[in-house]
$ cat coords-v4.pdb   # PDB, C-alpha atoms, pLDDT in the B column
ATOM      1  CA  MET A   1    -128.680-167.701 106.616  1.00 38.00           C
ATOM      2  CA  PRO A   2    -127.234-164.516 108.012  1.00 43.00           C
ATOM      3  CA  ARG A   3    -124.157-163.111 106.380  1.00 50.00           C
ATOM      4  CA  GLY A   4    -121.179-164.273 108.386  1.00 54.00           C
ATOM      5  CA  THR A   5    -117.442-164.135 108.174  1.00 57.00           C
ATOM      6  CA  CYS A   6    -115.371-166.513 106.139  1.00 64.00           C
ATOM      7  CA  ALA A   7    -111.663-167.146 106.540  1.00 68.00           C
ATOM      8  CA  ARG A   8    -111.310-167.564 102.767  1.00 65.00           C
ATOM      9  CA  HIS A   9    -112.967-164.300 101.691  1.00 65.00           C
ATOM     10  CA  PRO A  10    -112.900-160.663 102.819  1.00 67.00           C
ATOM     11  CA  ASP A  11    -115.813-159.285 104.840  1.00 67.00           C
ATOM     12  CA  SER A  12    -116.903-157.127 101.899  1.00 67.00           C
ATOM     13  CA  TYR A  13    -117.483-160.185  99.693  1.00 61.00           C
ATOM     14  CA  PRO A  14    -120.823-162.014 100.114  1.00 58.00           C
ATOM     15  CA  CYS A  15    -119.337-165.437  99.481  1.00 59.00           C
ATOM     16  CA  SER A  16    -121.492-168.502  99.218  1.00 58.00           C
ATOM     17  CA  CYS A  17    -119.735-169.889 102.296  1.00 59.00           C
ATOM     18  CA  ALA A  18    -121.753-167.452 104.382  1.00 53.00           C
ATOM     19  CA  MET A  19    -124.929-167.617 102.352  1.00 54.00           C
ATOM     20  CA  GLY A  20    -126.361-170.879 103.560  1.00 52.00           C
ATOM     21  CA  HIS A  21    -127.529-173.914 101.695  1.00 50.00           C
ATOM     22  CA  LEU A  22    -127.016-173.655  97.946  1.00 53.00           C
ATOM     23  CA  TYR A  23    -128.359-177.089  96.996  1.00 56.00           C
ATOM     24  CA  ARG A  24    -131.846-176.014  95.993  1.00 63.00           C
ATOM     25  CA  PHE A  25    -131.311-172.261  96.199  1.00 82.00           C
ATOM     26  CA  ILE A  26    -134.367-171.896  98.421  1.00 88.00           C
ATOM     27  CA  GLU A  27    -133.153-168.709 100.141  1.00 90.00           C
ATOM     28  CA  PRO A  28    -132.753-166.490  97.078  1.00 92.00           C
ATOM     29  CA  VAL A  29    -135.898-167.910  95.507  1.00 91.00           C
ATOM     30  CA  LEU A  30    -138.036-167.097  98.561  1.00 93.00           C
ATOM     31  CA  LEU A  31    -136.475-163.662  99.011  1.00 95.00           C
ATOM     32  CA  LEU A  32    -137.212-162.789  95.384  1.00 94.00           C
ATOM     33  CA  MET A  33    -140.755-164.154  95.510  1.00 94.00           C
ATOM     34  CA  ILE A  34    -141.622-162.168  98.641  1.00 95.00           C
ATOM     35  CA  ARG A  35    -139.988-159.022  97.253  1.00 96.00           C
ATOM     36  CA  GLU A  36    -141.890-159.230  93.977  1.00 94.00           C
ATOM     37  CA  ARG A  37    -145.211-159.841  95.724  1.00 93.00           C
ATOM     38  CA  GLY A  38    -144.760-157.302  98.509  1.00 92.00           C
ATOM     39  CA  SER A  39    -146.083-159.875 100.977  1.00 90.00           C
ATOM     40  CA  SER A  40    -147.356-163.404 100.751  1.00 91.00           C
ATOM     41  CA  TYR A  41    -148.651-166.428 102.611  1.00 88.00           C
ATOM     42  CA  GLY A  42    -146.412-169.455 102.986  1.00 87.00           C
ATOM     43  CA  TYR A  43    -148.968-171.633 101.237  1.00 87.00           C
ATOM     44  CA  ASP A  44    -149.094-169.293  98.229  1.00 88.00           C
ATOM     45  CA  LEU A  45    -145.297-169.252  98.062  1.00 90.00           C
ATOM     46  CA  SER A  46    -145.168-173.047  98.076  1.00 86.00           C
ATOM     47  CA  GLY A  47    -147.578-173.203  95.157  1.00 85.00           C
ATOM     48  CA  ASP A  48    -145.314-171.131  92.912  1.00 85.00           C
ATOM     49  CA  LEU A  49    -141.887-172.474  93.886  1.00 81.00           C
ATOM     50  CA  GLU A  50    -141.578-174.530  90.696  1.00 79.00           C
ATOM     51  CA  LYS A  51    -141.893-171.389  88.587  1.00 84.00           C
ATOM     52  CA  TYR A  52    -138.864-169.867  90.346  1.00 82.00           C
ATOM     53  CA  ALA A  53    -136.765-172.972  91.056  1.00 77.00           C
ATOM     54  CA  PHE A  54    -133.216-173.216  89.705  1.00 76.00           C
ATOM     55  CA  THR A  55    -133.164-177.004  89.769  1.00 69.00           C
ATOM     56  CA  ASP A  56    -135.551-179.819  89.043  1.00 63.00           C
ATOM     57  CA  ALA A  57    -135.365-180.987  92.653  1.00 68.00           C
ATOM     58  CA  ALA A  58    -138.561-180.405  94.574  1.00 72.00           C
ATOM     59  CA  ILE A  59    -138.504-177.961  97.446  1.00 76.00           C
ATOM     60  CA  GLU A  60    -140.424-179.550 100.264  1.00 80.00           C
ATOM     61  CA  ARG A  61    -143.003-177.454 102.051  1.00 84.00           C
ATOM     62  CA  ALA A  62    -141.264-178.149 105.386  1.00 87.00           C
ATOM     63  CA  ALA A  63    -138.030-176.653 104.002  1.00 86.00           C
ATOM     64  CA  LEU A  64    -139.950-173.574 102.872  1.00 88.00           C
ATOM     65  CA  TYR A  65    -141.451-172.984 106.331  1.00 91.00           C
ATOM     66  CA  ARG A  66    -138.142-173.742 108.030  1.00 91.00           C
ATOM     67  CA  THR A  67    -136.441-171.144 105.820  1.00 91.00           C
ATOM     68  CA  LEU A  68    -139.179-168.572 106.492  1.00 93.00           C
ATOM     69  CA  LYS A  69    -138.711-169.136 110.226  1.00 94.00           C
ATOM     70  CA  ILE A  70    -134.948-168.627 109.900  1.00 93.00           C
ATOM     71  CA  PHE A  71    -135.578-165.497 107.813  1.00 93.00           C
ATOM     72  CA  GLN A  72    -137.776-164.140 110.579  1.00 94.00           C
ATOM     73  CA  GLN A  73    -135.207-164.966 113.277  1.00 94.00           C
ATOM     74  CA  ASN A  74    -132.533-163.179 111.246  1.00 93.00           C
ATOM     75  CA  GLY A  75    -134.674-160.118 110.582  1.00 95.00           C
ATOM     76  CA  PHE A  76    -135.063-160.695 106.831  1.00 96.00           C
ATOM     77  CA  VAL A  77    -138.862-160.965 106.989  1.00 96.00           C
ATOM     78  CA  THR A  78    -141.638-159.978 109.320  1.00 95.00           C
ATOM     79  CA  SER A  79    -144.874-161.851 109.638  1.00 93.00           C
ATOM     80  CA  GLN A  80    -148.367-161.045 110.799  1.00 91.00           C
ATOM     81  CA  TRP A  81    -151.442-163.193 111.234  1.00 92.00           C
ATOM     82  CA  ASP A  82    -154.230-162.523 108.770  1.00 86.00           C
ATOM     83  CA  VAL A  83    -157.461-163.402 110.592  1.00 83.00           C
ATOM     84  CA  GLU A  84    -159.863-161.742 108.161  1.00 85.00           C
ATOM     85  CA  GLY A  85    -162.027-163.716 105.809  1.00 78.00           C
ATOM     86  CA  SER A  86    -163.261-167.248 106.156  1.00 82.00           C
ATOM     87  CA  GLY A  87    -160.990-170.134 107.063  1.00 82.00           C
ATOM     88  CA  PRO A  88    -158.116-170.393 109.485  1.00 86.00           C
ATOM     89  CA  ALA A  89    -155.723-167.545 110.228  1.00 86.00           C
ATOM     90  CA  ARG A  90    -152.777-167.341 107.858  1.00 89.00           C
ATOM     91  CA  ARG A  91    -149.321-165.927 108.409  1.00 91.00           C
ATOM     92  CA  VAL A  92    -148.364-163.180 105.942  1.00 93.00           C
ATOM     93  CA  TYR A  93    -144.647-162.634 105.275  1.00 95.00           C
ATOM     94  CA  SER A  94    -143.076-159.350 104.174  1.00 95.00           C
ATOM     95  CA  LEU A  95    -139.459-158.525 103.369  1.00 96.00           C
ATOM     96  CA  THR A  96    -137.577-156.105 105.621  1.00 96.00           C
ATOM     97  CA  ARG A  97    -134.833-153.692 104.559  1.00 96.00           C
ATOM     98  CA  GLN A  98    -132.335-156.248 105.855  1.00 96.00           C
ATOM     99  CA  GLY A  99    -134.053-158.903 103.737  1.00 95.00           C
ATOM    100  CA  GLU A 100    -133.768-156.724 100.643  1.00 95.00           C
ATOM    101  CA  GLU A 101    -130.052-156.303 101.340  1.00 95.00           C
ATOM    102  CA  HIS A 102    -129.723-160.074 101.727  1.00 94.00           C
ATOM    103  CA  LEU A 103    -131.503-160.550  98.387  1.00 95.00           C
ATOM    104  CA  GLN A 104    -128.918-158.261  96.748  1.00 95.00           C
ATOM    105  CA  GLU A 105    -126.095-160.259  98.372  1.00 92.00           C
ATOM    106  CA  TRP A 106    -127.609-163.398  96.884  1.00 92.00           C
ATOM    107  CA  ALA A 107    -127.795-161.684  93.492  1.00 93.00           C
ATOM    108  CA  GLN A 108    -124.043-160.984  93.678  1.00 92.00           C
ATOM    109  CA  VAL A 109    -123.254-164.552  94.706  1.00 89.00           C
ATOM    110  CA  LEU A 110    -125.489-166.056  92.032  1.00 90.00           C
ATOM    111  CA  LYS A 111    -123.941-163.817  89.372  1.00 93.00           C
ATOM    112  CA  LYS A 112    -120.540-165.223  90.311  1.00 91.00           C
ATOM    113  CA  VAL A 113    -121.918-168.781  90.341  1.00 88.00           C
ATOM    114  CA  SER A 114    -123.555-168.170  86.964  1.00 90.00           C
ATOM    115  CA  ASN A 115    -120.290-166.929  85.466  1.00 93.00           C
ATOM    116  CA  SER A 116    -118.422-169.919  86.905  1.00 92.00           C
ATOM    117  CA  MET A 117    -121.015-172.336  85.548  1.00 86.00           C
ATOM    118  CA  ALA A 118    -120.903-170.731  82.106  1.00 89.00           C
ATOM    119  CA  ARG A 119    -117.102-171.034  82.108  1.00 91.00           C
ATOM    120  CA  PHE A 120    -117.403-174.710  83.103  1.00 87.00           C
ATOM    121  CA  VAL A 121    -119.905-175.402  80.311  1.00 84.00           C
ATOM    122  CA  ARG A 122    -117.690-173.678  77.731  1.00 85.00           C
ATOM    123  CA  ARG A 123    -114.706-175.753  78.811  1.00 88.00           C
ATOM    124  CA  ALA A 124    -116.686-179.005  78.825  1.00 86.00           C
ATOM    125  CA  GLU A 125    -118.137-178.260  75.397  1.00 83.00           C
ATOM    126  CA  ALA A 126    -114.660-177.475  74.057  1.00 87.00           C
ATOM    127  CA  LEU A 127    -113.720-181.067  74.936  1.00 85.00           C
ATOM    128  CA  ASN A 128    -116.581-182.425  72.868  1.00 79.00           C
ATOM    129  CA  GLY A 129    -115.154-184.631  70.150  1.00 56.00           C
ATOM    130  CA  LYS A 130    -111.690-184.706  71.717  1.00 58.00           C
ATOM    131  CA  ARG A 131    -110.293-187.584  73.683  1.00 46.00           C
ATOM    132  CA  ILE A 132    -109.511-186.808  77.274  1.00 44.00           C
ATOM    133  CA  GLY A 133    -105.884-187.608  77.982  1.00 45.00           C
ATOM    134  CA  THR A 134    -102.980-188.005  75.599  1.00 40.00           C
ATOM    135  CA  GLN A 135    -103.849-191.310  73.879  1.00 46.00           C
ATOM    136  CA  SER A 136    -106.666-192.204  71.564  1.00 47.00           C
ATOM    137  CA  ALA A 137    -108.760-195.266  72.382  1.00 46.00           C
ATOM    138  CA  SER A 138    -107.040-197.291  69.613  1.00 48.00           C
ATOM    139  CA  ALA A 139    -103.488-196.508  70.733  1.00 50.00           C
ATOM    140  CA  PRO A 140    -103.309-199.207  73.446  1.00 51.00           C
ATOM    141  CA  ARG A 141    -104.584-201.850  70.963  1.00 51.00           C
ATOM    142  CA  ALA A 142    -101.990-200.799  68.368  1.00 51.00           C
ATOM    143  CA  ARG A 143     -99.161-201.106  70.910  1.00 50.00           C
ATOM    144  CA  LYS A 144    -100.437-204.531  72.040  1.00 52.00           C
ATOM    145  CA  ALA A 145    -100.583-205.768  68.421  1.00 52.00           C
ATOM    146  CA  ALA A 146     -97.068-204.486  67.700  1.00 51.00           C
ATOM    147  CA  ALA A 147     -95.721-206.166  70.836  1.00 52.00           C
ATOM    148  CA  SER A 148     -97.263-209.525  69.875  1.00 53.00           C
ATOM    149  CA  ARG A 149     -95.655-209.352  66.423  1.00 53.00           C
ATOM    150  CA  GLY A 150     -92.261-208.412  67.757  1.00 53.00           C
TER
END
$ encode --input "coords-v4.pdb" --output "structure tokens"
Amino acid sequence: MPRGTCARHPDSYPCSCAMGHLYRFIEPVLLLMIRERGSSYGYDLSGDLEKYAFTDAAIERAALYRTLKIFQQNGFVTSQWDVEGSGPARRVYSLTRQGEEHLQEWAQVLKKVSNSMARFVRRAEALNGKRIGTQSASAPRARKAAASRG
């Protein structure tokens, strides 16, 4: 998605609010794949998505083509028809300068997300072996037993 404005963050910050759909991270994955390859066909990109995916959730081919279309509308990629060789014509996608800038914005956002996730994991792991809350699991039983004796 194009970088937009967000009431919660300054214009200079590429917040995830303006970065589009984070669920499967399809935007940064496709931007990186196209950048590393120089150019690529949609079908070839779809075949390698699992190698780049951040989650175990499948990225549907329709979502890939929808995202490529949005990239083209926003000036992040250009496409040309490849009519050479046997078989049907294929659309070849290449990253633009604007697309490379958008990839770097995603890198900043994902670095922040990565740091936040690492902090979350550290905090969750620190709770390992500790009871959440102020009472142990046996404390309510001990109070109930004392009350019945009293």
$ resolve_selection --input "coords-v4.pdb" --expression "the PyMOL selection byres ((chain A and resi 76) around 10)" --output "list in words"
Met1, Pro2, Leu31, Leu68, Lys69, Ile70, Phe71, Gln72, Gln73, Asn74, Gly75, Val77, Thr78, Tyr93, Ser94, Leu95, Thr96, Arg97, Gln98, Gly99, Glu100, Glu101, His102 and Leu103 of chain A
$ atom_distance --input "coords-v4.pdb" --atom1 "CA of Gln104 (chain A)" --atom2 "CA of Ser116 (chain A)"
18.5 Å
$ atom_distance --input "coords-v4.pdb" --atom1 "CA of Thr67 (chain A)" --atom2 "CA of Ala118 (chain A)"
28.4 Å
$ residues_around --input "coords-v4.pdb" --residues "Tyr52 (chain A)" --least-positions-apart "5" --cutoff "12 Å" --atoms "only C-alpha atoms" --output "list of chain:residue names"
A:Arg24, A:Phe25, A:Ile26, A:Glu27, A:Pro28, A:Val29, A:Leu30, A:Leu31, A:Leu32, A:Met33, A:Ile34, A:Glu36, A:Leu45, A:Ser46, A:Gly47, A:Ala57, A:Ala58, A:Ile59
$ residues_around --input "coords-v4.pdb" --residues "Asp82 (chain A)" --least-positions-apart "2" --cutoff "8 Å" --atoms "all atoms listed in the file" --output "list in words"
Gln80, Glu84, Ala89, Arg90, Arg91 and Val92 of chain A
$ write_last_selection --input "coords-v4.pdb" --atoms "C-alpha atoms" --output "CSV table (one decimal), in the coordinates of the input"
chain,number,residue,atom,x,y,z
A,80,GLN,CA,-148.4,-161.0,110.8
A,84,GLU,CA,-159.9,-161.7,108.2
A,89,ALA,CA,-155.7,-167.5,110.2
A,90,ARG,CA,-152.8,-167.3,107.9
A,91,ARG,CA,-149.3,-165.9,108.4
A,92,VAL,CA,-148.4,-163.2,105.9
$ atom_distance --input "coords-v4.pdb" --atom1 "CA of Arg66 (chain A)" --atom2 "CA of Tyr43 (chain A)"
13.0 Å
$ closest_residue --input "coords-v4.pdb" --among "A:Gln108, A:Ser114, A:Arg61, A:Trp81" --to "Asp48 (chain A)" --atoms "all atoms listed in the file"
A:Arg61
